[in-house]
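Novice: This is entry25.txt (compact mmCIF, C-alpha atoms and all ligand atoms).
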```txt
# COMPACT_ATOMS: atom_id res chain seq x y z
CA MET A 26 -75.87 248.50 -102.21
CA LEU A 27 -73.47 245.58 -102.11
CA ASP A 28 -70.08 245.63 -103.83
CA PHE A 29 -70.26 244.31 -107.35
CA GLU A 30 -68.44 243.73 -110.63
CA LEU A 31 -70.20 244.42 -113.89
CA TYR A 32 -68.76 243.52 -117.29
CA ILE A 33 -70.91 244.16 -120.37
CA PRO A 34 -68.53 243.87 -123.33
CA THR A 35 -70.99 243.25 -126.18
CA ARG A 36 -71.15 246.04 -128.77
CA VAL A 37 -74.80 246.73 -129.55
CA TYR A 38 -75.88 248.05 -132.97
CA PHE A 39 -79.46 249.18 -132.47
CA GLY A 40 -81.97 250.35 -135.07
CA ARG A 41 -83.99 249.92 -138.22
CA GLY A 42 -82.41 247.94 -141.02
CA ARG A 43 -79.15 247.45 -139.17
CA CYS A 44 -79.10 243.72 -139.93
CA GLU A 45 -77.77 244.78 -143.32
CA GLU A 46 -74.60 246.05 -141.62
CA ALA A 47 -73.59 242.48 -140.73
CA GLY A 48 -71.04 242.35 -143.56
CA ARG A 49 -69.43 245.66 -142.66
CA ILE A 50 -69.26 244.71 -139.00
CA CYS A 51 -67.78 241.26 -139.63
CA ALA A 52 -65.26 242.66 -142.11
CA GLY A 53 -64.30 245.33 -139.60
CA CYS A 54 -63.52 242.60 -137.07
CA GLY A 55 -61.36 240.81 -139.63
CA PHE A 56 -63.56 237.72 -140.00
CA LYS A 57 -63.22 235.77 -143.25
CA ARG A 58 -65.80 233.00 -142.96
CA PRO A 59 -68.68 233.22 -140.48
CA LEU A 60 -70.95 230.28 -139.83
CA ILE A 61 -74.49 231.63 -140.01
CA VAL A 62 -76.73 229.59 -137.69
CA TYR A 63 -80.50 229.88 -137.65
CA GLY A 64 -83.53 228.05 -136.27
CA GLY A 65 -86.56 226.33 -137.72
CA GLY A 66 -87.03 228.61 -140.71
CA SER A 67 -88.40 232.00 -139.64
CA ALA A 68 -85.13 233.64 -140.74
CA VAL A 69 -85.58 232.18 -144.23
CA LYS A 70 -89.25 233.08 -144.45
CA SER A 71 -88.72 236.68 -143.36
CA GLY A 72 -85.90 237.16 -145.87
CA LEU A 73 -83.38 237.87 -143.09
CA LEU A 74 -81.00 235.08 -144.10
CA GLU A 75 -80.84 236.41 -147.65
CA ARG A 76 -80.28 239.99 -146.49
CA VAL A 77 -77.43 238.91 -144.25
CA ARG A 78 -75.82 236.74 -146.93
CA ARG A 79 -75.97 239.63 -149.37
CA SER A 80 -74.46 241.97 -146.82
CA LEU A 81 -71.55 239.56 -146.23
CA GLU A 82 -71.05 239.12 -149.96
CA GLN A 83 -70.96 242.87 -150.50
CA ALA A 84 -68.27 243.10 -147.82
CA GLY A 85 -66.25 240.43 -149.66
CA ILE A 86 -66.77 237.76 -147.00
CA GLY A 87 -67.72 234.13 -147.64
CA CYS A 88 -69.87 232.15 -145.23
CA ALA A 89 -71.27 228.74 -144.36
CA VAL A 90 -74.91 228.30 -143.35
CA LEU A 91 -76.55 225.86 -140.95
CA GLY A 92 -80.27 225.90 -140.12
CA GLY A 93 -82.32 223.71 -137.83
CA VAL A 94 -81.68 224.79 -134.23
CA GLN A 95 -84.84 223.88 -132.34
CA ALA A 96 -86.48 225.84 -129.54
CA ASN A 97 -84.93 224.64 -126.26
CA PRO A 98 -81.75 223.70 -128.15
CA THR A 99 -80.23 220.26 -127.85
CA LEU A 100 -76.73 219.02 -127.18
CA GLU A 101 -76.99 216.86 -130.29
CA PHE A 102 -77.52 219.81 -132.61
CA CYS A 103 -74.78 221.73 -130.87
CA VAL A 104 -72.32 218.91 -131.58
CA LYS A 105 -73.44 218.99 -135.21
CA THR A 106 -72.79 222.74 -135.29
CA VAL A 107 -69.27 222.24 -133.94
CA GLU A 108 -68.46 219.60 -136.58
CA PHE A 109 -69.88 221.71 -139.38
CA ALA A 110 -67.99 224.84 -138.29
CA ARG A 111 -64.76 222.86 -138.19
CA GLU A 112 -65.33 221.22 -141.60
CA GLN A 113 -66.12 224.60 -143.13
CA GLY A 114 -63.14 226.36 -141.57
CA CYS A 115 -65.29 229.05 -139.96
CA ASP A 116 -63.69 231.74 -137.82
CA MET A 117 -66.82 233.00 -136.03
CA LEU A 118 -70.47 232.11 -135.44
CA LEU A 119 -73.24 234.46 -136.48
CA ALA A 120 -76.54 233.58 -134.78
CA LEU A 121 -79.75 234.70 -136.50
CA GLY A 122 -82.60 234.18 -134.06
CA GLY A 123 -83.51 234.11 -130.40
CA GLY A 124 -82.16 232.52 -127.24
CA SER A 125 -82.17 229.02 -128.67
CA VAL A 126 -80.09 229.84 -131.75
CA ILE A 127 -77.77 232.13 -129.78
CA ASP A 128 -77.18 229.58 -127.00
CA ASN A 129 -76.45 226.87 -129.53
CA ALA A 130 -73.88 229.18 -131.15
CA LYS A 131 -72.32 230.16 -127.82
CA MET A 132 -71.82 226.58 -126.68
CA ALA A 133 -70.57 225.43 -130.10
CA ALA A 134 -68.10 228.33 -130.17
CA HIS A 135 -66.30 226.91 -127.13
CA CYS A 136 -65.69 223.59 -128.87
CA VAL A 137 -64.64 224.28 -132.47
CA ARG A 138 -60.98 224.85 -131.70
CA THR A 139 -60.71 222.90 -128.44
CA GLY A 140 -62.32 219.68 -129.68
CA ARG A 141 -64.30 219.39 -126.42
CA ASP A 142 -67.87 218.19 -126.05
CA PRO A 143 -70.27 221.08 -125.22
CA TRP A 144 -71.78 219.17 -122.29
CA GLU A 145 -68.39 219.10 -120.54
CA TYR A 146 -68.63 222.86 -120.08
CA THR A 147 -72.04 222.64 -118.43
CA GLU A 148 -70.51 220.27 -115.86
CA LYS A 149 -68.28 223.19 -114.83
CA VAL A 150 -65.19 220.97 -114.64
CA ILE A 151 -63.46 222.77 -117.46
CA LYS A 152 -63.68 226.43 -118.40
CA PRO A 153 -63.99 227.79 -121.93
CA THR A 154 -60.71 228.89 -123.50
CA ASP A 155 -59.88 229.70 -127.10
CA SER A 156 -63.57 230.07 -128.02
CA LEU A 157 -64.61 231.42 -131.42
CA PRO A 158 -66.28 234.85 -131.30
CA VAL A 159 -70.08 234.96 -131.54
CA GLY A 160 -72.11 237.69 -133.21
CA VAL A 161 -75.89 237.92 -132.94
CA ILE A 162 -78.69 239.24 -135.12
CA LEU A 163 -81.66 239.14 -132.76
CA THR A 164 -85.15 238.31 -134.01
CA ILE A 165 -87.08 238.00 -130.72
CA ALA A 166 -86.97 240.15 -127.60
CA ALA A 167 -86.90 237.66 -124.73
CA THR A 168 -83.92 235.95 -123.11
CA GLY A 169 -81.30 238.67 -123.28
CA SER A 170 -78.84 236.02 -124.47
CA GLU A 171 -77.58 238.57 -126.99
CA THR A 172 -75.66 240.31 -124.20
CA SER A 173 -75.85 237.79 -121.34
CA ASP A 174 -73.18 235.51 -119.93
CA SER A 175 -75.47 232.45 -120.10
CA ALA A 176 -76.20 229.61 -122.48
CA VAL A 177 -78.56 226.69 -121.88
CA LEU A 178 -78.70 223.30 -123.61
CA THR A 179 -80.84 220.18 -123.22
CA ASN A 180 -79.28 216.75 -123.23
CA THR A 181 -82.16 214.77 -124.68
CA ALA A 182 -80.51 211.43 -123.84
CA THR A 183 -80.69 212.18 -120.10
CA GLY A 184 -83.52 214.73 -120.09
CA VAL A 185 -81.34 217.31 -118.35
CA LYS A 186 -81.45 221.01 -119.25
CA ARG A 187 -78.42 222.82 -117.97
CA GLY A 188 -76.68 226.13 -118.40
CA LEU A 189 -73.24 227.65 -118.34
CA SER A 190 -72.61 231.20 -117.17
CA CYS A 191 -69.24 232.81 -117.83
CA ASP A 192 -67.73 235.90 -119.44
CA GLU A 193 -66.71 233.87 -122.49
CA ASN A 194 -70.42 233.48 -123.28
CA LYS A 195 -70.86 237.20 -123.86
CA PRO A 196 -71.21 237.83 -127.59
CA LEU A 197 -68.76 240.10 -129.38
CA PHE A 198 -71.57 242.09 -130.97
CA ALA A 199 -75.35 242.09 -131.17
CA ILE A 200 -77.43 243.70 -133.89
CA LEU A 201 -80.80 244.73 -132.45
CA ASP A 202 -83.10 245.59 -135.33
CA PRO A 203 -86.61 245.85 -133.80
CA GLU A 204 -88.33 245.48 -137.19
CA LEU A 205 -87.10 241.88 -137.31
CA SER A 206 -89.47 241.07 -134.46
CA PHE A 207 -92.61 242.33 -136.29
CA SER A 208 -93.15 238.82 -137.72
CA LEU A 209 -93.31 237.10 -134.33
CA PRO A 210 -96.46 235.06 -133.64
CA PRO A 211 -98.42 236.55 -130.68
CA TYR A 212 -97.61 233.56 -128.46
CA GLN A 213 -93.85 234.07 -128.93
CA THR A 214 -94.18 237.83 -128.37
CA ALA A 215 -95.97 237.07 -125.10
CA CYS A 216 -93.40 234.47 -124.01
CA GLY A 217 -90.69 237.04 -124.64
CA VAL A 218 -92.47 239.72 -122.59
CA VAL A 219 -92.82 237.34 -119.65
CA ASP A 220 -89.16 236.33 -119.82
CA ILE A 221 -87.97 239.95 -119.92
CA LEU A 222 -90.13 240.79 -116.90
CA MET A 223 -88.88 237.74 -115.02
CA HIS A 224 -85.20 238.53 -115.52
CA THR A 225 -85.70 241.83 -113.74
CA MET A 226 -88.35 240.60 -111.27
CA GLU A 227 -86.19 237.71 -110.08
CA ARG A 228 -83.42 240.15 -109.28
CA TYR A 229 -85.91 242.53 -107.64
CA MET A 230 -86.72 239.72 -105.16
CA CYS A 231 -83.39 240.18 -103.44
CA THR A 232 -82.50 239.73 -99.79
CA ASN A 233 -80.88 243.19 -99.51
CA PRO A 234 -83.58 245.75 -100.31
CA ASP A 235 -81.27 248.74 -99.90
CA ASN A 236 -80.64 249.66 -103.49
CA GLU A 237 -82.93 252.53 -104.47
CA LEU A 238 -81.10 253.27 -107.73
CA ILE A 239 -81.46 249.75 -109.11
CA ASP A 240 -85.00 249.47 -107.68
CA ARG A 241 -86.13 252.56 -109.59
CA MET A 242 -84.36 251.51 -112.78
CA SER A 243 -86.03 248.09 -112.49
CA GLU A 244 -89.45 249.61 -111.87
CA GLY A 245 -89.05 251.83 -114.94
CA LEU A 246 -88.05 248.84 -117.02
CA LEU A 247 -90.87 246.63 -115.73
CA THR A 248 -93.65 249.17 -116.22
CA THR A 249 -92.36 250.05 -119.70
CA VAL A 250 -92.25 246.39 -120.72
CA ILE A 251 -95.78 245.78 -119.39
CA GLU A 252 -97.12 248.63 -121.55
CA ALA A 253 -94.99 247.83 -124.59
CA GLY A 254 -96.08 244.19 -124.32
CA ARG A 255 -99.73 245.23 -124.54
CA THR A 256 -99.01 247.47 -127.53
CA ALA A 257 -96.97 244.85 -129.41
CA MET A 258 -99.70 242.26 -128.89
CA ALA A 259 -102.33 244.61 -130.29
CA LYS A 260 -100.16 246.07 -133.04
CA PRO A 261 -97.24 243.76 -133.96
CA ASP A 262 -95.58 246.36 -136.20
CA ASP A 263 -95.49 249.16 -133.62
CA TYR A 264 -91.82 250.12 -133.87
CA GLU A 265 -91.53 251.97 -130.57
CA ALA A 266 -93.06 249.09 -128.61
CA ARG A 267 -90.84 246.52 -130.34
CA ALA A 268 -87.80 248.75 -129.79
CA ALA A 269 -88.56 249.13 -126.07
CA LEU A 270 -88.98 245.36 -125.69
CA MET A 271 -85.80 244.59 -127.57
CA PHE A 272 -83.56 246.87 -125.57
CA ALA A 273 -85.29 245.95 -122.30
CA GLY A 274 -84.60 242.28 -123.04
CA SER A 275 -80.88 242.97 -123.20
CA LEU A 276 -80.88 245.24 -120.14
CA SER A 277 -82.85 242.72 -118.12
CA HIS A 278 -80.28 239.96 -118.34
CA ASN A 279 -76.88 241.59 -118.78
CA GLY A 280 -76.32 241.94 -115.03
CA LEU A 281 -77.41 245.57 -114.72
CA THR A 282 -80.63 244.97 -112.78
CA GLY A 283 -78.81 242.63 -110.39
CA ALA A 284 -75.97 245.06 -109.63
CA GLY A 285 -75.41 245.40 -105.88
CA ARG A 286 -78.12 242.89 -105.10
CA ARG A 287 -78.10 239.46 -103.46
CA CYS A 288 -80.43 237.36 -105.58
CA GLY A 289 -80.79 234.10 -107.49
CA LEU A 290 -82.75 233.08 -110.56
CA TRP A 291 -84.42 230.10 -108.90
CA ALA A 292 -87.84 230.45 -110.55
CA HIS A 293 -85.84 230.03 -113.75
CA LYS A 294 -84.40 226.80 -112.41
CA LEU A 295 -87.89 225.49 -111.72
CA GLN A 296 -88.96 226.47 -115.24
CA HIS A 297 -86.01 224.72 -116.89
CA GLU A 298 -87.19 221.45 -115.36
CA MET A 299 -90.49 221.89 -117.18
CA SER A 300 -88.86 222.38 -120.59
CA ALA A 301 -86.46 219.51 -119.89
CA LEU A 302 -89.46 217.27 -119.29
CA ASP A 303 -91.23 218.52 -122.39
CA PRO A 304 -89.16 220.64 -124.83
CA ARG A 305 -92.38 221.90 -126.43
CA ILE A 306 -92.89 224.07 -123.34
CA ALA A 307 -91.61 227.53 -124.23
CA HIS A 308 -89.42 229.11 -121.57
CA GLY A 309 -91.58 232.24 -121.14
CA ALA A 310 -94.82 230.25 -120.97
CA GLY A 311 -93.37 228.04 -118.24
CA LEU A 312 -92.27 231.11 -116.30
CA ALA A 313 -95.81 232.52 -116.50
CA VAL A 314 -96.95 229.46 -114.56
CA VAL A 315 -94.10 229.27 -112.05
CA TRP A 316 -93.76 232.94 -111.14
CA PRO A 317 -97.12 233.67 -109.46
CA ALA A 318 -96.80 230.40 -107.50
CA TYR A 319 -93.28 231.36 -106.48
CA LEU A 320 -94.56 234.70 -105.13
CA GLU A 321 -97.48 232.98 -103.36
CA PHE A 322 -95.01 230.67 -101.65
CA PHE A 323 -93.04 233.60 -100.23
CA ALA A 324 -96.22 235.43 -99.21
CA ARG A 325 -97.40 232.33 -97.32
CA ARG A 326 -94.07 232.12 -95.50
CA GLY A 327 -94.22 235.80 -94.60
CA VAL A 328 -90.85 236.62 -96.19
CA PHE A 329 -89.88 239.17 -98.83
CA THR A 330 -92.77 241.22 -97.43
CA GLU A 331 -91.23 244.60 -98.22
CA ARG A 332 -90.32 243.45 -101.75
CA LEU A 333 -93.73 241.97 -102.45
CA GLU A 334 -95.55 245.04 -101.16
CA ARG A 335 -93.32 247.43 -103.10
CA CYS A 336 -93.71 245.39 -106.27
CA ALA A 337 -97.51 245.34 -105.86
CA ARG A 338 -97.60 249.11 -105.34
CA LYS A 339 -95.02 250.35 -107.83
CA ILE A 340 -95.60 247.91 -110.67
CA TRP A 341 -99.26 247.02 -110.45
CA GLY A 342 -100.75 249.94 -108.50
CA GLU A 343 -102.10 247.50 -105.90
CA ALA A 344 -102.21 248.12 -102.16
CA THR A 345 -101.65 244.53 -101.04
CA ILE A 346 -99.37 241.61 -101.79
CA GLU A 347 -102.35 239.49 -102.80
CA GLY A 348 -103.50 242.26 -105.15
CA GLY A 349 -100.04 242.36 -106.74
CA ILE A 350 -99.97 238.60 -107.33
CA ALA A 351 -103.50 238.63 -108.74
CA ALA A 352 -102.53 241.49 -111.09
CA THR A 353 -99.48 239.51 -112.26
CA ARG A 354 -101.69 236.51 -113.06
CA ALA A 355 -104.22 238.72 -114.82
CA TYR A 356 -101.53 240.32 -116.99
CA PHE A 357 -100.14 236.95 -118.04
CA ARG A 358 -103.68 235.80 -118.83
CA GLU A 359 -104.24 238.94 -120.89
CA LEU A 360 -101.14 238.02 -122.92
CA GLY A 361 -102.64 234.60 -123.56
CA MET A 362 -100.16 232.74 -121.38
CA PRO A 363 -101.02 229.50 -119.55
CA GLY A 364 -101.72 229.64 -115.82
CA ARG A 365 -101.34 226.06 -114.58
CA LEU A 366 -99.14 223.00 -115.12
CA ALA A 367 -102.25 221.23 -116.38
CA ASP A 368 -102.30 223.64 -119.34
CA PHE A 369 -99.14 221.85 -120.51
CA GLY A 370 -100.63 218.44 -119.70
CA LEU A 371 -98.38 218.10 -116.64
CA THR A 372 -99.68 216.29 -113.55
CA ALA A 373 -98.97 216.06 -109.81
CA GLN A 374 -96.71 213.12 -110.62
CA ASP A 375 -94.71 215.30 -113.02
CA ALA A 376 -94.48 217.98 -110.30
CA GLU A 377 -92.99 215.43 -107.91
CA TYR A 378 -90.54 214.26 -110.59
CA MET A 379 -89.45 217.85 -111.31
CA SER A 380 -89.05 218.62 -107.59
CA ARG A 381 -86.70 215.67 -107.18
CA ARG A 382 -84.84 216.41 -110.38
CA CYS A 383 -84.36 220.09 -109.55
CA THR A 384 -82.97 219.40 -106.07
CA LYS A 385 -81.11 216.21 -107.05
CA ASP A 386 -83.35 214.15 -104.78
CA GLY A 387 -83.12 216.69 -102.00
CA THR A 388 -79.31 216.91 -101.91
CA VAL A 389 -79.20 220.44 -103.34
CA SER A 390 -80.92 223.63 -102.15
CA PHE A 391 -81.00 227.23 -103.30
CA PRO A 392 -80.41 230.26 -101.06
CA SER A 393 -83.22 232.80 -100.98
CA ALA A 394 -85.31 234.51 -98.28
CA VAL A 395 -86.21 230.90 -97.44
CA GLU A 396 -83.71 228.18 -98.36
CA LEU A 397 -85.34 226.28 -101.24
CA GLY A 398 -84.82 222.54 -100.73
CA LEU A 399 -86.93 219.58 -101.82
CA ASP A 400 -89.94 220.37 -99.59
CA GLU A 401 -90.03 224.01 -100.60
CA VAL A 402 -89.65 223.29 -104.33
CA ARG A 403 -92.38 220.67 -104.00
CA GLU A 404 -94.65 223.26 -102.40
CA ILE A 405 -94.03 225.78 -105.17
CA TYR A 406 -94.78 223.24 -107.91
CA SER A 407 -97.91 222.16 -106.05
CA LEU A 408 -99.09 225.78 -106.16
CA CYS A 409 -98.73 225.57 -109.96
CA LEU A 410 -101.10 222.60 -110.28
O1 LIG A 501 -86.81 228.62 -135.02
P1 LIG A 501 -87.47 229.72 -135.76
O2 LIG A 501 -88.11 229.28 -137.03
O3 LIG A 501 -86.60 230.91 -135.95
O4 LIG A 501 -88.74 230.18 -134.86
C1 LIG A 501 -88.58 230.70 -133.56
C2 LIG A 501 -89.01 229.72 -132.48
O5 LIG A 501 -89.98 228.84 -132.95
C3 LIG A 501 -89.58 231.82 -133.38
N1 LIG A 501 -89.06 233.11 -133.83
C4 LIG A 501 -87.98 233.79 -133.37
N2 LIG A 501 -87.91 234.97 -133.99
C5 LIG A 501 -88.94 235.05 -134.85
C6 LIG A 501 -89.67 233.85 -134.77
N3 LIG A 501 -90.77 233.62 -135.52
C7 LIG A 501 -91.16 234.59 -136.37
N4 LIG A 501 -90.51 235.77 -136.49
C8 LIG A 501 -89.41 236.04 -135.75
N5 LIG A 501 -88.81 237.23 -135.84
O6 LIG A 501 -89.79 231.88 -131.99
C9 LIG A 501 -89.64 230.58 -131.42
C10 LIG A 501 -88.87 230.67 -130.13
O7 LIG A 501 -87.53 231.01 -130.37
P2 LIG A 501 -86.46 230.76 -129.21
O8 LIG A 501 -85.14 231.21 -129.69
O9 LIG A 501 -86.59 229.36 -128.71
O10 LIG A 501 -87.02 231.71 -128.06
P3 LIG A 501 -86.29 232.42 -126.89
O11 LIG A 501 -85.55 233.60 -127.37
O12 LIG A 501 -87.33 232.61 -125.87
O13 LIG A 501 -85.19 231.36 -126.36
C11 LIG A 501 -85.51 230.34 -125.46
C12 LIG A 501 -84.27 229.56 -125.04
O14 LIG A 501 -83.32 230.41 -124.40
C13 LIG A 501 -83.05 229.92 -123.06
C14 LIG A 501 -84.33 229.20 -122.71
O15 LIG A 501 -84.17 228.33 -121.63
C15 LIG A 501 -84.64 228.49 -124.01
O16 LIG A 501 -83.83 227.37 -124.18
N6 LIG A 501 -82.63 231.02 -122.18
C16 LIG A 501 -81.42 231.56 -122.41
C17 LIG A 501 -80.91 232.54 -121.61
C18 LIG A 501 -79.57 233.10 -121.88
N7 LIG A 501 -78.79 232.48 -122.74
O17 LIG A 501 -79.17 234.11 -121.27
C19 LIG A 501 -81.65 233.09 -120.46
C20 LIG A 501 -83.09 232.70 -120.43
O18 LIG A 501 -83.56 232.80 -119.10
C21 LIG A 501 -83.38 231.34 -120.97
O19 LIG A 501 -83.14 230.30 -120.04
ZN ZN A 502 -85.44 233.59 -118.77
```
Written as structure tokens, how would this file's structure read?

Specialist:
Amino acid sequence: MLDFELYIPTRVYFGRGRCEEAGRICAGCGFKRPLIVYGGGSAVKSGLLERVRRSLEQAGIGCAVLGGVQANPTLEFCVKTVEFAREQGCDMLLALGGGSVIDNAKMAAHCVRTGRDPWEYTEKVIKPTDSLPVGVILTIAATGSETSDSAVLTNTATGVKRGLSCDENKPLFAILDPELSFSLPPYQTACGVVDILMHTMERYMCTNPDNELIDRMSEGLLTTVIEAGRTAMAKPDDYEARAALMFAGSLSHNGLTGAGRRCGLWAHKLQHEMSALDPRIAHGAGLAVVWPAYLEFFARRGVFTERLERCARKIWGEATIEGGIAATRAYFRELGMPGRLADFGLTAQDAEYMSRRCTKDGTVSFPSAVELGLDEVREIYSLCL
């Protein structure tokens, strides 16, 4: 186990009906005027927005409300959020939704007081200071953004999707009320399951396989999520399955399953290129295409052999690496996820474009069991065709 630092400051309020504690929690933190941010309308339709407003009112707190964050959130909407929060004199952001709404809130929070443009932070030239606090009411188990240090935005003008990872991105609190995810369409449930699995799987593919504690914790998480995913798909209002997925989502991406490991989320990088090219591609669906190809690439190169074999055996009950990869594909298919780039209408030409984009025309590479430069990224995308 390598040396590590782990900082998980977000206070989690977990359980049935806890979204109605938003007012009490915000009042307890001394907030006077939250900006409630939500997405395309599911929070209105489900009645969540109204419940939260009522809860704030009962706690004697005013609020401003801004809806319209789109999936794969844009820089443009983030700028709008900053301006609105400033106009309304808000002292915190309260995100009602999933990764897209939360990331929009996180990035906006860095800019309300500082007057900076959100994109400047993704360029890593300046660091966030004096950010507004962010609270989350989670409606989809997926990205783990509710406790993670990351936020991702797309600059539609340039077609670049880029993230920022820093402690300042970690929300102050997150309300995890599994019942809020009962209303998810099956496709979004499935995308979430894939993303949760990938956050732990990517860290499992580490170059220092000497961490039995984190290996076993990861294997417990992965096998639980696989089963809970099946249950939630068959029975969307199964509380225990939704609860397992929701907490697993947070645990998968708050740093815990990467503790003491040398790893990188490079399959994620390859997926982000897909959503940058076409924002209609959901993050989890893109990962379902990239991940098996990513594993096939390593198997072909004869690296990560111990990891691939252990994963096949412990997670899928398969004796061989090939069996493990086939079982991964079969599970994603069972969830109704796409299997090829062509399922998104993407072509070999698009794969070449994404390879160049991802590696900045071959000037950037990513450290893994095999250094991933332009040729390697090209090979992985070609395995997705
Ligand atoms: O917009 P609304 O109407 O709310 O609908 C959303 C959206 O269409 C819907 N939805 C969410 N909760 C629902 C619901 N529909 C019915 N009932 C509910 N309870 O689901 C759709 C997808 O929502 P979105 O927030 O886009 O999904 P997700 O949580 O997967 O977030 C994806 C974004 O997060 C980024 C991704 O790249 C992508 O931009 N990520 C963020 C990370 C982070 N900050 O740590 C890590 C991830 O790896 C990822 O990159
Ligand atoms: Zn992800």

Novice: Using only C-alpha atoms and all ligand atoms, what are the residues with an atom within 6 Å of ligand ZN 502 (chain A), set out as a PyMOL selection string?

Specialist: chain A and resi 168+220+224

Novice: The selected residues should be written to file as a CSV table (one decimal), keeping the file's coordinate frame (atoms: C-alpha atoms).

Specialist:
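What follows is the written file result_23.csv:
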```
chain,number,residue,atom,x,y,z
A,168,THR,CA,-83.9,236.0,-123.1
A,220,ASP,CA,-89.2,236.3,-119.8
A,224,HIS,CA,-85.2,238.5,-115.5
```

Novice: Return as JSON the centre and edge lengths, in Å with one decimal, of the box along x, y and z that encloses every atom of ligand LIG 501 (chain A) in the file, padded by 6 Å per side.

Specialist:
```
{"center_x": -85.0, "center_y": 232.3, "center_z": -128.1, "size_x": 24.4, "size_y": 21.9, "size_z": 29.9}
```

Novice: What is the atom CA of A:Asp192 to atom CA of A:Glu30 distance in Å?

Specialist: 11.8 Å

Novice: Check the smallest atom-to-atom distance from each of A:Ala257, A:Ile86, A:Ile61, A:Leu73 to A:Ile127 using only C-alpha atoms, then report the winner.

Specialist: A:Ile61

Novice: Would you mind reading off the distance between atom C4 of ligand LIG 501 (chain A) and atom CA of A:Phe272, one decimal, in Å?

Specialist: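 Going from atom C4 of ligand LIG 501 (chain A) over to atom CA of A:Phe272 covers 15.9 Å.
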
Novice: Which residues are near ligand LIG 501 (chain A) in this structure, taking near to mean any atom at most 7 Å from a ligand atom and counting all atoms listed in the file? Format them as a PDB file with C-alpha atoms, in the frame of the given file.

Specialist:
```pdb
ATOM      1  CA  TYR A  63     -80.500 229.880-137.650  1.00  0.00           C
ATOM      2  CA  GLY A  64     -83.530 228.050-136.270  1.00  0.00           C
ATOM      3  CA  GLY A  65     -86.560 226.330-137.720  1.00  0.00           C
ATOM      4  CA  GLY A  66     -87.030 228.610-140.710  1.00  0.00           C
ATOM      5  CA  SER A  67     -88.400 232.000-139.640  1.00  0.00           C
ATOM      6  CA  ALA A  68     -85.130 233.640-140.740  1.00  0.00           C
ATOM      7  CA  VAL A  94     -81.680 224.790-134.230  1.00  0.00           C
ATOM      8  CA  GLN A  95     -84.840 223.880-132.340  1.00  0.00           C
ATOM      9  CA  ALA A  96     -86.480 225.840-129.540  1.00  0.00           C
ATOM     10  CA  ASN A  97     -84.930 224.640-126.260  1.00  0.00           C
ATOM     11  CA  PRO A  98     -81.750 223.700-128.150  1.00  0.00           C
ATOM     12  CA  GLY A 122     -82.600 234.180-134.060  1.00  0.00           C
ATOM     13  CA  GLY A 123     -83.510 234.110-130.400  1.00  0.00           C
ATOM     14  CA  GLY A 124     -82.160 232.520-127.240  1.00  0.00           C
ATOM     15  CA  SER A 125     -82.170 229.020-128.670  1.00  0.00           C
ATOM     16  CA  VAL A 126     -80.090 229.840-131.750  1.00  0.00           C
ATOM     17  CA  ASP A 128     -77.180 229.580-127.000  1.00  0.00           C
ATOM     18  CA  THR A 164     -85.150 238.310-134.010  1.00  0.00           C
ATOM     19  CA  ILE A 165     -87.080 238.000-130.720  1.00  0.00           C
ATOM     20  CA  ALA A 166     -86.970 240.150-127.600  1.00  0.00           C
ATOM     21  CA  ALA A 167     -86.900 237.660-124.730  1.00  0.00           C
ATOM     22  CA  THR A 168     -83.920 235.950-123.110  1.00  0.00           C
ATOM     23  CA  GLY A 169     -81.300 238.670-123.280  1.00  0.00           C
ATOM     24  CA  SER A 170     -78.840 236.020-124.470  1.00  0.00           C
ATOM     25  CA  SER A 173     -75.850 237.790-121.340  1.00  0.00           C
ATOM     26  CA  ASP A 174     -73.180 235.510-119.930  1.00  0.00           C
ATOM     27  CA  SER A 175     -75.470 232.450-120.100  1.00  0.00           C
ATOM     28  CA  ALA A 176     -76.200 229.610-122.480  1.00  0.00           C
ATOM     29  CA  VAL A 177     -78.560 226.690-121.880  1.00  0.00           C
ATOM     30  CA  LEU A 178     -78.700 223.300-123.610  1.00  0.00           C
ATOM     31  CA  LEU A 205     -87.100 241.880-137.310  1.00  0.00           C
ATOM     32  CA  SER A 206     -89.470 241.070-134.460  1.00  0.00           C
ATOM     33  CA  PHE A 207     -92.610 242.330-136.290  1.00  0.00           C
ATOM     34  CA  SER A 208     -93.150 238.820-137.720  1.00  0.00           C
ATOM     35  CA  LEU A 209     -93.310 237.100-134.330  1.00  0.00           C
ATOM     36  CA  PRO A 210     -96.460 235.060-133.640  1.00  0.00           C
ATOM     37  CA  GLN A 213     -93.850 234.070-128.930  1.00  0.00           C
ATOM     38  CA  CYS A 216     -93.400 234.470-124.010  1.00  0.00           C
ATOM     39  CA  GLY A 217     -90.690 237.040-124.640  1.00  0.00           C
ATOM     40  CA  ASP A 220     -89.160 236.330-119.820  1.00  0.00           C
ATOM     41  CA  HIS A 224     -85.200 238.530-115.520  1.00  0.00           C
ATOM     42  CA  HIS A 278     -80.280 239.960-118.340  1.00  0.00           C
ATOM     43  CA  HIS A 293     -85.840 230.030-113.750  1.00  0.00           C
ATOM     44  CA  HIS A 297     -86.010 224.720-116.890  1.00  0.00           C
ATOM     45  CA  ALA A 307     -91.610 227.530-124.230  1.00  0.00           C
ATOM     46  CA  HIS A 308     -89.420 229.110-121.570  1.00  0.00           C
ATOM     47  CA  GLY A 309     -91.580 232.240-121.140  1.00  0.00           C
TER      48      GLY A 309
END
```

Novice: Work out how far atom CA of A:Arg58 is from atom CA of A:Cys88, in Å to one decimal.

Specialist: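 Value for the atom CA of A:Cys88-atom CA of A:Arg58 distance: 4.7 Å.
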